[in-house]
Amino acid sequence: MSHDHAHGHDHGPGRTHRIRHLLTPHSHDTADKVDRALATSRDGIRALWISLVILGVTAAGQAAVVFWSGSVALLGDTLHNVADALTAVPLGVAFLLGRRAANRRYTYGYGRAEDLAGIAIVATIAASAVFAGYQAVVRLLDPRDIDHLPYVAAAGLIGFAGNELVARYRIGVGRRIGSAALVADGLHARTDGFTSLAVLLGAGGVAMGWWWADPAVGLLITVAILVVLVDAGRAVYRRLMDAVDPTLVDTAEAVLLATPGVTDVGTLRLRWIGHHLHAECAITIDGNLTVAQGHVIAVAAEHRLIHAVPRLSAALVHADPDHRGVGDPHAPLAHHR
């Protein structure tokens with residue numbers, strides 16, 4: 001027997017849902033799941049818009065200094081920040097797609113769009129590393145003077161502060177709603193802050209007469225960007241490969257075993273779809289129980305899972321009868337495994 005989490009069918013007005021939530025704050029019906037998905041998507045989209053505004057103001061401030069100082073290095077950093085702000089576009093599209101309901105073609109919904117956006121973001125981080133390294137090498141081979149160093153240094157600080165603010169905000173929201181792509185985008189913003197610091201430190205070195213300071217720091221920053229690239233790439237790769245934290249699997253298994261009526265746990269799978277977890281698991285129950293009694297145990301196991309595993313929004317619990325002494329009920333499927 002099997003049981004799917006979508007067992008609620010109350011689709012009344014929003015006011016009815018809010019009143020019911022006050023009375024039963026742990027409801028798990030279909031409409032409430034959709035409400036939570038929309039809420040997390042709205043959080044993600046709001047984070048993108050706020051980040052875009054912050055980066056836009058930062059780039060505008062840097063552009064003003066570029067106009068008065070003529071700094072080529074700062075111009076590159078400004079254009080870089082403008083281009084990187086546009087990474088909000090694929091994530092925004094992904095969050096909007098994630099709101100669409102599942103259908104007969106996309107039976108799990110459109111949450112995977114976030115993972116595709118994560119690939120685009122990782123590619124942008126890689127491009128940032130190439131850009132920073134290229135500029136550093138060019139500056140070593142062809143040294144250039146920087147005018148109005150105090151203004152350039154201040155613009156570098158503005159770039160770092162703006163990007164770090166965006167990074168902290170995106171990473172915080174991404175971890176709260178379980179979006180690996182938004183976390184990766186936050187890490188990307190942090191690399192841009194490092195690039196802006198290269199402008200600041202390079203200007204300081206030039207002020208001391210060290211013409212090579214700017215490109216040397218640029219190379220060090222390139223290494224830092226590559227380190228962030230590895231971390232972000234690993235996170236997105238694991239999400240694409242359906243990897244989850246093993247402690248979540250341990251938690252789910254312990255919860256199932258602790259459910260009254262469950263004698264053993266068989267197959268247990270967890271996977272991320274967008275910023276929500278889905279579970280598929282098999283439990284063993286007394287073979288003498290009726291279908292209705294087994295269903296009650298499956299519902300209880302599912303309910304416990306949803307409360308115990310963070311970000312779990314759906315669980316499919318399959319109940320197998322204890323077949324000791326009566327043969328394996330799955331024998332007809334043995335040749336398919």
# chains A, B, ... in the order shown; residues from 1 in each chain; ligands from 1

call {"tool": "select_by_dssp", "arguments": {"residues": "region 130-263 of chain A", "states": "alpha helix (DSSP H)", "output": "ChimeraX atom specification"}}
result
/A:130-141,149-177,180-207,213-240,246-257

call {"tool": "closest_atom_pairs", "arguments": {"of": "region 257-282 of chain A", "to": "region 173-177 of chain A", "cutoff": "10 Å", "atoms": "only C-alpha atoms", "output": "JSON lines"}}
result
{"residue": "A:Gly274", "atom": "CA", "partner": "A:Ile177", "partner_atom": "CA", "distance": 9.7}
{"residue": "A:His275", "atom": "CA", "partner": "A:Ile177", "partner_atom": "CA", "distance": 6.2}
{"residue": "A:His276", "atom": "CA", "partner": "A:Ile177", "partner_atom": "CA", "distance": 8.2}

call {"tool": "write_last_selection", "arguments": {"atoms": "N, CA, C and O atoms", "output": "PDB file, in the first residue's frame"}}
result
ATOM      1  N   GLY A 274      13.919  22.349  -6.540  1.00  0.00           N
ATOM      2  CA  GLY A 274      13.897  23.761  -6.192  1.00  0.00           C
ATOM      3  C   GLY A 274      14.414  23.924  -4.784  1.00  0.00           C
ATOM      4  O   GLY A 274      15.479  23.415  -4.431  1.00  0.00           O
ATOM      5  N   HIS A 275      13.671  24.622  -3.921  1.00  0.00           N
ATOM      6  CA  HIS A 275      14.108  24.771  -2.539  1.00  0.00           C
ATOM      7  C   HIS A 275      13.230  23.984  -1.579  1.00  0.00           C
ATOM      8  O   HIS A 275      13.040  24.376  -0.427  1.00  0.00           O
ATOM      9  N   HIS A 276      12.683  22.862  -2.069  1.00  0.00           N
ATOM     10  CA  HIS A 276      11.888  21.980  -1.220  1.00  0.00           C
ATOM     11  C   HIS A 276      12.397  20.543  -1.350  1.00  0.00           C
ATOM     12  O   HIS A 276      12.843  20.123  -2.419  1.00  0.00           O
TER      13      HIS A 276
END

call {"tool": "residues_around", "arguments": {"residues": "region 114-127 of chain A", "least_positions_apart": "6", "cutoff": "6 Å", "atoms": "only C-alpha atoms", "output": "ChimeraX atom specification"}}
result
/A:90-91,94,181,188,233,274

call {"tool": "write_last_selection", "arguments": {"atoms": "N, CA and C atoms", "output": "CSV table (one decimal), in the first residue's frame"}}
result
chain,number,residue,atom,x,y,z
A,90,PRO,N,18.3,35.3,-14.5
A,90,PRO,CA,17.9,33.9,-14.5
A,90,PRO,C,17.3,33.4,-13.2
A,91,LEU,N,17.8,33.9,-12.1
A,91,LEU,CA,17.2,33.5,-10.8
A,91,LEU,C,15.7,33.9,-10.7
A,94,ALA,N,13.7,31.8,-12.7
A,94,ALA,CA,13.5,30.4,-12.1
A,94,ALA,C,12.5,30.5,-11.0
A,181,ALA,N,20.7,28.0,-5.6
A,181,ALA,CA,21.1,28.9,-6.6
A,181,ALA,C,21.2,30.3,-6.0
A,188,HIS,N,28.7,34.7,-5.4
A,188,HIS,CA,29.2,35.4,-6.6
A,188,HIS,C,29.3,36.9,-6.2
A,233,GLY,N,30.3,25.8,-7.2
A,233,GLY,CA,30.1,24.7,-8.2
A,233,GLY,C,29.8,23.4,-7.6
A,274,GLY,N,13.9,22.3,-6.5
A,274,GLY,CA,13.9,23.8,-6.2
A,274,GLY,C,14.4,23.9,-4.8

call {"tool": "closest_residue", "arguments": {"among": "A:Val199, A:Ala308, A:Ala232, A:Asp264", "to": "Tyr151 (chain A)", "atoms": "only C-alpha atoms"}}
result
A:Val199

call {"tool": "closest_residue", "arguments": {"among": "A:Val82, A:Leu165, A:Ala184, A:Val66", "to": "Arg234 (chain A)", "atoms": "only C-alpha atoms"}}
result
A:Ala184
